[in-house]
Amino acid sequence: MRNVMVLIAVLLSMPIAAIENNIREMDFNQNWKFKLDDQGNFKSKTLDDSHWQKVRLPHDWSILEDFNEKYDGATGYSPGGIAWYRKSFKTNFDANKQLQYLYFDGIYNHSEIWLNGQKVGGRISGYTPFYYDISSYLAPSGEENHLAIRVDRSRYIDSRWYTGSGIYRDVKLITTNKLHIPIWGTYITTPSITRDAATLKLKVAVSNQFTENRRFEIDTDIISGNGEIVTTHRTKGTLQGKTEKTIDMQLQLTSPELWSPEAPNLYTAKTTIKVNGSPVDQLETRFGVRTIEYDAARGFFLNGVSTAIKGVNLHHDAGAVGVAVPDDVWKRRFKKLKEAGVNAIRTAHNPMSTRFMDLCDEMGFLVQAEIFDEWDNPKDKRLNQWERHDDYASRGYANYFQEEAEGDLYNAVKRDRNHPAIVMWSIGNEIEWTYPRYKAATGYFDMNASGNYFHNPPFISPQEIVSRFHKSDEGKYVLANTAQKLSQWLKALDTTRPVTANLILPSVSHISGYTDALDIVGYSYRRVIYDYGHELFPEKMIMGTENVAHWHEWKAIEERDFIPGTFLWTGIDYLGEAHNQWPNKGFNGGLIDVAGFAHPSFHLYKSLWNSEPHLKITAQTEEQSVYQRDEKGNVTEKEVGKWQHRVWGWQDVNEHWNYANNEPVIIEVLSNCDSVELFLNGKTQGVQTLKNSPDHIHKWALNFEPGVLMARGTNGCSAIDTVVTAAQASQLHVETDKTNLAADVNQVAHVLVEVRDGNNTPVRHQEMQLSVENSSNLELIGADNGNSSTITNYRSKDVITEQGKALFMFRSLDGKAGVIKISGTAVEPVSVNIN
C-alpha cells in the first residue's frame, strides 16, 4: 500500500421503511418468555410456557444474577448457564410474493434457532449479526408460529471480560417482496469530494426470488439532514428468476456537508424498487460524506485537515445494565467522553451492536472497528497471554476459528462497512502471545528485563530478533499467513479503509511477516519504541492502539508528527478481567468508572485534549500520597521518575477537603493552565507551573486546616476549582437527565444522588446507604456507585454511596407518570416525578 492512502466511505444503517403499509423491518423485541433451564423439549410447538418469565429484549440474564466468588473474575464473577427463549407470533404475508427473515444483531452465544419444531440454524459467536430466511418454516398466514431459541453459555469463562448471556441485542422480523434489496445490500462510496461537489457511487444488490424474470425500475433520492431532496437517480433493469445482481449508480452531490466529529452531518439515500410504476421494496440508507488520509510521516487527515486521534477503548458492557445497553445509557457515556475531548473509539475486541455504531455516527466518533481477540490458538481467559488452562468452562472462540472466522468477518464488515464513523478495521488484538515463536524472539522474557517490558526498548538487536525468530519452530499455524488471509477477506468487502491490528510484540511482528498484512501497525503499550519502529520501518504508519491514561503516553505522541494518535485503555471501566481479585469484579483504569463518574485521569485528558481552560483539585495525605515534601518544602516524588512508568489506574487521591487538623496533605491540581495559584481560606499558597512539573501535575504541600481550598489559573487562563470542608451529612441532592419517559426500552432516566451537608457542600469523605422506592410502572434497571468492588446485585434497591454519590437508572413500562423516592440514613427522603 502507498505511503499515503486516501480512503473515503459513507454509512449504511438498517432502515425501517413502509411499502403499501407493509413494514420492511418490524421490532421483534416484545413478548418473549425466558427460562434458565435446559431440562425439557423446549423447542416443541406444544410446550406450555405460560409459567415462564416474561421478558423484553434486549436481555442479559447474567447481570441479573448475584455476583459469586465461585465463578471467575475473568468474566466478572457472573454465572453463565443454558437458557431458552420462546415467542409465539402470527404473520400476515403473501407467500407467493413475499419473504420473511429473522434478524439477530447478536446472541451470546452458541445459539440454536428453532421455528415450529424445526431447526433453522444458529451461531457460535456472540458478537456476529446474522439472519435467516424463515419463509419455508412458517405456518400459513394468520396461524400461530412458535419460535424457540437455545443459548448455551455453559462455558462461562470463555472470554477475558464480561460478555453477558442471552439475546442481548435487537431482533427484527424483516418482510420483503420476492424482488427486493437483500439485508446489507446497499454500499455507498464517494471516490471524489471537493468543497463544491461529491461523487456518490451507490451499489444496490437486487434479488429476484420469483421463478420468472422481473423487469423493474430502481429510484434513489438523496435527502439532506433537513429533509430536502438534493439529488436523484433513476434506472431500469431486468433480472432472471432466482438470481441476484448489483446495480451501480453514480450521483452528484452539490456543496456536500461533510461528516466529522465536530459536525456529524448525515444524509439519507431512499432507494425504491418499482414494478410497473408501483413500489415493491424500499430501503432508507443514512450516510455521511468524508475523506480520510493516512501518511506514515505526517499522521492522519480527516477532510483534508490534520487530525489527532484522541481515542479510547471500550468493551461492550455498561456496568449495571450489563451488555443489554439502552441507547440513553450509551448517550450519557458518550457525552461524558466528548467532554474529555475524546473523538475516537476502538471496539475492544469485537464488533459492537448496530445501535452502538449508529450512535457513533450521530454523535461524531471516529471508530476503529475490531473483529477478533483470538485466531488459531486460544488465550488464557483467566491470565491473558498464552493458554495455561484447558477446562471446558474456558473454551472460547479459538476452538471454532477455523470454521467460523470467514463468515463472522463477512457479516460484521457487510453490516458496518458504510458507517462514516469507521476509519479503520482491526483484524486482531494482541494475537502474538498465542503463537510459539514470538515471545522468545523478543528477548524480554528470557533475560533480566526488571519487569519493564512497557518502558524499555528491545534488549537485543533487530538482527538477533530476526535470527531467533527464524531459527524457531513455526508451529501448526503461522500467524503471518492467518493475518494475510483475514486482510484479504476484509479487502474483498471494503477497500476504503486501512487494515490494522493491535500488536503486543511489535519488534518481532515487524520482521515476521505479520505487519505485511497491515496498512497501519498498532502498538499495544509500546510507546517507548515509536522511534525504533519508525526508523526501521518508515513506510508503515505506526500508532498507539492501547495506551494507559497517563501524561507520558500523550507526551510521546505530541512530540512525534508521525504518530497520529492513540486509544487509551480504557475510556470507561468495565466488568471482568479480574481473575482472583474478589470482591473486585472489574477493571478500574478508565477515564470514567462503571457508573459514569469521572476518575482523575478524566480531568488530566480533558486538560490535554481541549483548548478550553480546565482545572481540577485533588488531594491526599502525605503519608498515602505518591509525593512528599523535601527539606525545602518542595513537592517531589517518593520514587523519582515514577510518573514515567505508571500503568493502569491513577494514584490514590481524594476530591474532598476533610482531614485531621494540621495533617500534612499533598494537593494535586490537574490543569492545562501553564501556571496555577492555590489559596487556602483566601491566603495564597503560591504559584506552580507546568514548566516545573514534568508529570504535568501542579503540586503543593500543606498542613490541613478546614475551610475553602481554591485553585485558579493565572496569566489569562480562566479555569477555577474549589473544594470546601464538609460538615455532617444532612441532605440528599438529586439530579435526573430525564423527567419524561415513553414506554421505550431505550429511554432511560439516570437519577444521580449526592450526599450534602447543611450548607449544600458535597460530603465525599463519608458514605451512606441509600434506598429507593418507585411506582410499579417504573422499572429499576440498575443501581450503582461506580466502585467495582461493590458486590451488591445491580437490581438491588439499596446501594452504598462511593465518594458520596450513587446512580439509579429507570425505564417506564407504560409511558405514564410515576414517582421515584430515595431515602438515606438520618436525612429527609427526596422524590423525582416522572411525567
# chains A, B, ... in the order shown; residues from 1 in each chain; ligands from 1
call {"tool": "closest_atom_pairs", "arguments": {"of": "range 389-447 of chain A", "to": "range 152-167 of chain A", "cutoff": "6 Å", "atoms": "only C-alpha atoms", "output": "tab-separated table"}}
result
residue	atom	partner	partner_atom	distance
A:Ala393	CA	A:Arg155	CA	4.0
A:Ser394	CA	A:Asp158	CA	4.4
A:Arg395	CA	A:Asp158	CA	5.2
A:Gly396	CA	A:Asp158	CA	4.4
call {"tool": "write_last_selection", "arguments": {"atoms": "all heavy atoms", "output": "short mmCIF file (atom, residue, chain, number, x, y, z; two decimals), in the first residue's frame"}}
result
data_model
loop_
_atom_site.label_atom_id
_atom_site.label_comp_id
_atom_site.auth_asym_id
_atom_site.auth_seq_id
_atom_site.Cartn_x
_atom_site.Cartn_y
_atom_site.Cartn_z
N ALA A 393 -15.02 -24.89 30.80
CA ALA A 393 -15.64 -23.59 31.07
C ALA A 393 -14.89 -22.44 30.40
O ALA A 393 -15.47 -21.38 30.16
CB ALA A 393 -15.71 -23.34 32.57
N SER A 394 -13.60 -22.64 30.07
CA SER A 394 -12.82 -21.56 29.49
C SER A 394 -12.57 -21.73 27.99
O SER A 394 -11.71 -21.06 27.43
CB SER A 394 -11.48 -21.42 30.22
OG SER A 394 -10.67 -22.57 30.03
N ARG A 395 -13.34 -22.63 27.35
CA ARG A 395 -13.17 -22.80 25.90
C ARG A 395 -13.84 -21.65 25.17
O ARG A 395 -15.03 -21.40 25.35
CB ARG A 395 -13.77 -24.12 25.43
CG ARG A 395 -13.13 -25.39 25.95
CD ARG A 395 -11.62 -25.43 25.73
NE ARG A 395 -10.91 -24.76 26.83
CZ ARG A 395 -9.72 -24.18 26.70
NH1 ARG A 395 -9.08 -24.18 25.55
NH2 ARG A 395 -9.15 -23.59 27.73
N GLY A 396 -13.07 -20.95 24.36
CA GLY A 396 -13.57 -19.76 23.67
C GLY A 396 -13.53 -19.86 22.16
O GLY A 396 -13.51 -20.96 21.58
#
call {"tool": "residues_around", "arguments": {"residues": "range 316-322 of chain A", "least_positions_apart": "4", "cutoff": "8 Å", "atoms": "only C-alpha atoms", "output": "CSV table (one decimal) with N, CA, C and O atoms, in the first residue's frame"}}
result
chain,number,residue,atom,x,y,z
A,60,ASP,N,-30.0,-9.6,29.1
A,60,ASP,CA,-28.8,-10.2,29.6
A,60,ASP,C,-29.1,-10.9,30.9
A,60,ASP,O,-29.2,-10.2,31.9
A,62,SER,N,-27.1,-12.8,32.8
A,62,SER,CA,-26.0,-12.9,33.8
A,62,SER,C,-26.0,-11.7,34.7
A,62,SER,O,-25.7,-11.8,35.9
A,63,ILE,N,-26.3,-10.5,34.2
A,63,ILE,CA,-26.2,-9.3,35.0
A,63,ILE,C,-27.3,-9.2,36.0
A,63,ILE,O,-27.2,-8.5,37.0
A,162,TYR,N,-16.3,-9.4,30.8
A,162,TYR,CA,-17.7,-9.7,30.9
A,162,TYR,C,-18.4,-9.7,29.6
A,162,TYR,O,-18.3,-8.7,28.9
A,163,THR,N,-19.0,-10.8,29.2
A,163,THR,CA,-19.7,-11.0,27.9
A,163,THR,C,-21.2,-10.8,28.0
A,163,THR,O,-21.8,-10.4,27.0
A,164,GLY,N,-21.8,-11.1,29.2
A,164,GLY,CA,-23.2,-11.2,29.3
A,164,GLY,C,-23.7,-12.5,28.7
A,164,GLY,O,-22.9,-13.3,28.1
A,329,VAL,N,-28.2,5.0,27.8
A,329,VAL,CA,-27.1,4.8,28.7
A,329,VAL,C,-25.8,5.1,27.9
A,329,VAL,O,-24.9,5.7,28.4
A,330,TRP,N,-25.7,4.6,26.6
A,330,TRP,CA,-24.5,4.9,25.8
A,330,TRP,C,-24.5,6.4,25.5
A,330,TRP,O,-23.4,7.0,25.6
A,347,THR,N,-13.3,-0.5,19.3
A,347,THR,CA,-14.3,-1.5,19.8
A,347,THR,C,-13.5,-2.7,20.3
A,347,THR,O,-13.2,-3.6,19.5
A,348,ALA,N,-13.3,-2.8,21.5
A,348,ALA,CA,-12.4,-3.9,22.1
A,348,ALA,C,-13.3,-5.0,22.6
A,348,ALA,O,-14.1,-4.8,23.5
A,352,MET,N,-19.4,-4.3,17.7
A,352,MET,CA,-20.4,-3.8,18.6
A,352,MET,C,-21.8,-3.9,17.9
A,352,MET,O,-21.9,-4.4,16.8
A,574,TYR,N,-14.8,-1.4,33.1
A,574,TYR,CA,-15.7,-2.5,32.6
A,574,TYR,C,-15.7,-3.6,33.6
A,574,TYR,O,-14.8,-3.8,34.4
A,575,LEU,N,-16.6,-4.5,33.4
A,575,LEU,CA,-16.7,-5.7,34.2
A,575,LEU,C,-15.8,-6.8,33.6
A,575,LEU,O,-15.7,-6.9,32.4
A,594,VAL,N,-17.6,2.7,36.2
A,594,VAL,CA,-18.7,1.9,35.7
A,594,VAL,C,-20.1,2.6,35.8
A,594,VAL,O,-21.0,2.2,35.1
A,595,ALA,N,-20.2,3.5,36.7
A,595,ALA,CA,-21.4,4.3,36.9
A,595,ALA,C,-21.4,5.6,36.1
A,595,ALA,O,-22.4,6.3,36.1
A,781,ILE,N,-33.5,-0.5,36.4
A,781,ILE,CA,-32.7,-1.4,35.6
A,781,ILE,C,-31.2,-1.4,36.1
A,781,ILE,O,-30.4,-2.1,35.6
A,782,GLY,N,-30.9,-0.6,37.1
A,782,GLY,CA,-29.6,-0.6,37.6
A,782,GLY,C,-29.4,0.4,38.8
A,782,GLY,O,-29.9,1.5,38.7
A,783,ALA,N,-28.6,0.0,39.8
A,783,ALA,CA,-28.2,0.8,40.9
A,783,ALA,C,-26.8,0.6,41.1
A,783,ALA,O,-26.3,-0.5,41.3
A,784,ASP,N,-26.0,1.7,41.1
A,784,ASP,CA,-24.5,1.5,41.1
A,784,ASP,C,-23.9,2.7,41.8
A,784,ASP,O,-24.5,3.8,41.9
A,794,TYR,N,-27.0,-5.6,41.0
A,794,TYR,CA,-27.2,-4.3,40.4
A,794,TYR,C,-28.7,-3.9,40.3
A,794,TYR,O,-29.1,-2.8,40.0
A,795,ARG,N,-29.6,-4.9,40.6
A,795,ARG,CA,-31.0,-4.5,40.7
A,795,ARG,C,-31.5,-4.3,42.1
A,795,ARG,O,-32.7,-4.1,42.4
call {"tool": "closest_atom_pairs", "arguments": {"of": "range 719-783 of chain A", "to": "range 703-707 of chain A", "cutoff": "10 Å", "atoms": "only C-alpha atoms", "output": "CSV"}}
result
residue,atom,partner,partner_atom,distance
A:Val723,CA,A:Gly707,CA,8.6
A:Val724,CA,A:Gly707,CA,5.8
A:Thr725,CA,A:Gly707,CA,5.3
A:Ala726,CA,A:Gly707,CA,8.6
call {"tool": "residues_around", "arguments": {"residues": "Arg195 in chain A", "least_positions_apart": "3", "cutoff": "10 Å", "atoms": "only C-alpha atoms", "output": "JSON, numbers by chain"}}
result
{"A": [198, 254, 255, 256, 257, 258, 303]}
call {"tool": "write_last_selection", "arguments": {"atoms": "N, CA and C atoms", "output": "JSON list (two decimals), in the first residue's frame"}}
result
[["chain", "number", "residue", "atom", "x", "y", "z"],
["A", 198, "ALA", "N", -19.56, 16.29, -4.47],
["A", 198, "ALA", "CA", -19.11, 14.94, -4.13],
["A", 198, "ALA", "C", -19.74, 13.97, -5.11],
["A", 254, "THR", "N", -24.13, 18.29, -4.64],
["A", 254, "THR", "CA", -23.60, 19.65, -4.69],
["A", 254, "THR", "C", -23.38, 20.20, -3.28],
["A", 255, "SER", "N", -22.28, 20.89, -3.10],
["A", 255, "SER", "CA", -21.93, 21.54, -1.82],
["A", 255, "SER", "C", -22.17, 20.60, -0.64],
["A", 256, "PRO", "N", -21.50, 19.47, -0.59],
["A", 256, "PRO", "CA", -21.77, 18.47, 0.45],
["A", 256, "PRO", "C", -21.42, 18.98, 1.85],
["A", 257, "GLU", "N", -22.24, 18.61, 2.80],
["A", 257, "GLU", "CA", -21.94, 18.88, 4.20],
["A", 257, "GLU", "C", -21.17, 17.67, 4.73],
["A", 258, "LEU", "N", -19.91, 17.87, 5.04],
["A", 258, "LEU", "CA", -19.04, 16.76, 5.39],
["A", 258, "LEU", "C", -19.30, 16.27, 6.81],
["A", 303, "ASN", "N", -11.01, 14.93, 6.16],
["A", 303, "ASN", "CA", -11.49, 16.01, 5.30],
["A", 303, "ASN", "C", -10.38, 17.01, 4.97]]
call {"tool": "residues_around", "arguments": {"residues": "Lys821 in chain A", "least_positions_apart": "4", "cutoff": "8 Å", "atoms": "only C-alpha atoms", "output": "number ranges by chain"}}
result
A: 772-774, 829-832
call {"tool": "write_last_selection", "arguments": {"atoms": "C-alpha atoms", "output": "short mmCIF file (atom, residue, chain, number, x, y, z; two decimals), in the first residue's frame"}}
result
data_model
loop_
_atom_site.label_atom_id
_atom_site.label_comp_id
_atom_site.auth_asym_id
_atom_site.auth_seq_id
_atom_site.Cartn_x
_atom_site.Cartn_y
_atom_site.Cartn_z
CA VAL A 772 -35.08 3.63 46.51
CA GLU A 773 -38.80 3.07 46.10
CA ASN A 774 -40.61 3.59 42.84
CA PRO A 829 -36.15 11.49 51.60
CA VAL A 830 -36.28 13.14 48.18
CA SER A 831 -38.57 12.39 45.25
CA VAL A 832 -38.35 12.59 41.47
#
call {"tool": "atom_distance", "arguments": {"atom1": "CA of Thr271 in chain A", "atom2": "CA of Val367 in chain A"}}
result
26.6 Å
call {"tool": "decode", "arguments": {"residues": "range 707-741 of chain A", "atoms": "N, CA and C atoms", "output": "CSV table (one decimal), in the first residue's frame"}}
result
chain,number,residue,atom,x,y,z
A,707,GLY,N,-11.9,24.7,55.8
A,707,GLY,CA,-12.2,25.9,55.2
A,707,GLY,C,-12.4,25.7,53.7
A,708,VAL,N,-11.9,26.7,52.9
A,708,VAL,CA,-12.1,26.7,51.4
A,708,VAL,C,-10.7,26.6,50.8
A,709,LEU,N,-10.6,25.6,49.9
A,709,LEU,CA,-9.3,25.4,49.1
A,709,LEU,C,-9.7,25.8,47.7
A,710,MET,N,-9.0,26.8,47.1
A,710,MET,CA,-9.4,27.2,45.8
A,710,MET,C,-8.1,27.3,44.9
A,711,ALA,N,-8.2,26.8,43.7
A,711,ALA,CA,-7.1,26.9,42.7
A,711,ALA,C,-7.7,27.6,41.5
A,712,ARG,N,-6.8,28.5,40.9
A,712,ARG,CA,-7.2,29.2,39.7
A,712,ARG,C,-6.0,29.4,38.8
A,713,GLY,N,-6.3,29.4,37.5
A,713,GLY,CA,-5.2,29.7,36.6
A,713,GLY,C,-4.8,31.1,36.6
A,714,THR,N,-3.6,31.4,36.2
A,714,THR,CA,-3.1,32.8,36.1
A,714,THR,C,-2.7,33.1,34.7
A,715,ASN,N,-2.3,34.3,34.5
A,715,ASN,CA,-1.8,34.8,33.2
A,715,ASN,C,-2.8,34.6,32.1
A,716,GLY,N,-4.1,34.9,32.4
A,716,GLY,CA,-5.1,34.8,31.4
A,716,GLY,C,-5.8,33.5,31.3
A,717,CYS,N,-5.4,32.5,32.0
A,717,CYS,CA,-6.1,31.2,32.0
A,717,CYS,C,-7.2,31.2,33.1
A,718,SER,N,-8.4,31.1,32.6
A,718,SER,CA,-9.6,31.5,33.5
A,718,SER,C,-10.1,30.3,34.3
A,719,ALA,N,-9.5,29.1,34.3
A,719,ALA,CA,-10.1,28.0,35.0
A,719,ALA,C,-10.0,28.2,36.5
A,720,ILE,N,-11.0,27.6,37.2
A,720,ILE,CA,-11.0,27.7,38.6
A,720,ILE,C,-11.7,26.5,39.2
A,721,ASP,N,-11.3,26.0,40.4
A,721,ASP,CA,-12.0,25.0,41.1
A,721,ASP,C,-11.9,25.2,42.6
A,722,THR,N,-12.9,24.8,43.3
A,722,THR,CA,-13.0,25.0,44.8
A,722,THR,C,-13.4,23.7,45.4
A,723,VAL,N,-12.8,23.4,46.6
A,723,VAL,CA,-13.4,22.3,47.4
A,723,VAL,C,-13.5,22.9,48.8
A,724,VAL,N,-14.5,22.5,49.5
A,724,VAL,CA,-14.8,23.1,50.8
A,724,VAL,C,-15.0,22.0,51.9
A,725,THR,N,-14.5,22.2,53.1
A,725,THR,CA,-14.6,21.2,54.1
A,725,THR,C,-16.1,21.0,54.4
A,726,ALA,N,-16.5,19.7,54.4
A,726,ALA,CA,-17.9,19.4,54.6
A,726,ALA,C,-18.2,19.1,56.1
A,727,ALA,N,-19.4,19.5,56.5
A,727,ALA,CA,-19.8,19.1,57.8
A,727,ALA,C,-20.6,17.8,57.8
A,728,GLN,N,-21.4,17.5,58.8
A,728,GLN,CA,-22.1,16.2,58.8
A,728,GLN,C,-23.1,16.2,57.7
A,729,ALA,N,-23.3,15.0,57.1
A,729,ALA,CA,-24.3,14.9,56.0
A,729,ALA,C,-25.7,15.1,56.6
A,730,SER,N,-26.5,15.9,55.9
A,730,SER,CA,-27.8,16.2,56.3
A,730,SER,C,-28.9,16.3,55.3
A,731,GLN,N,-28.5,16.1,54.0
A,731,GLN,CA,-29.5,16.1,52.9
A,731,GLN,C,-29.0,15.3,51.7
A,732,LEU,N,-29.9,15.0,50.8
A,732,LEU,CA,-29.6,14.4,49.6
A,732,LEU,C,-29.9,15.4,48.4
A,733,HIS,N,-29.0,15.5,47.5
A,733,HIS,CA,-29.2,16.3,46.3
A,733,HIS,C,-29.4,15.3,45.1
A,734,VAL,N,-30.5,15.5,44.4
A,734,VAL,CA,-30.8,14.6,43.3
A,734,VAL,C,-30.9,15.4,42.0
A,735,GLU,N,-30.3,14.8,40.9
A,735,GLU,CA,-30.4,15.3,39.6
A,735,GLU,C,-30.8,14.2,38.7
A,736,THR,N,-31.7,14.5,37.7
A,736,THR,CA,-32.0,13.4,36.7
A,736,THR,C,-31.9,14.1,35.3
A,737,ASP,N,-31.5,13.3,34.3
A,737,ASP,CA,-31.4,13.8,33.0
A,737,ASP,C,-32.7,13.7,32.2
A,738,LYS,N,-33.7,13.0,32.8
A,738,LYS,CA,-35.0,12.9,32.1
A,738,LYS,C,-36.1,12.9,33.1
A,739,THR,N,-37.2,13.7,32.8
A,739,THR,CA,-38.4,13.6,33.7
A,739,THR,C,-39.6,13.1,32.9
A,740,ASN,N,-39.3,12.8,31.6
A,740,ASN,CA,-40.4,12.3,30.7
A,740,ASN,C,-39.9,11.0,30.1
A,741,LEU,N,-40.6,9.9,30.3
A,741,LEU,CA,-40.2,8.6,29.7
A,741,LEU,C,-41.3,8.0,28.9
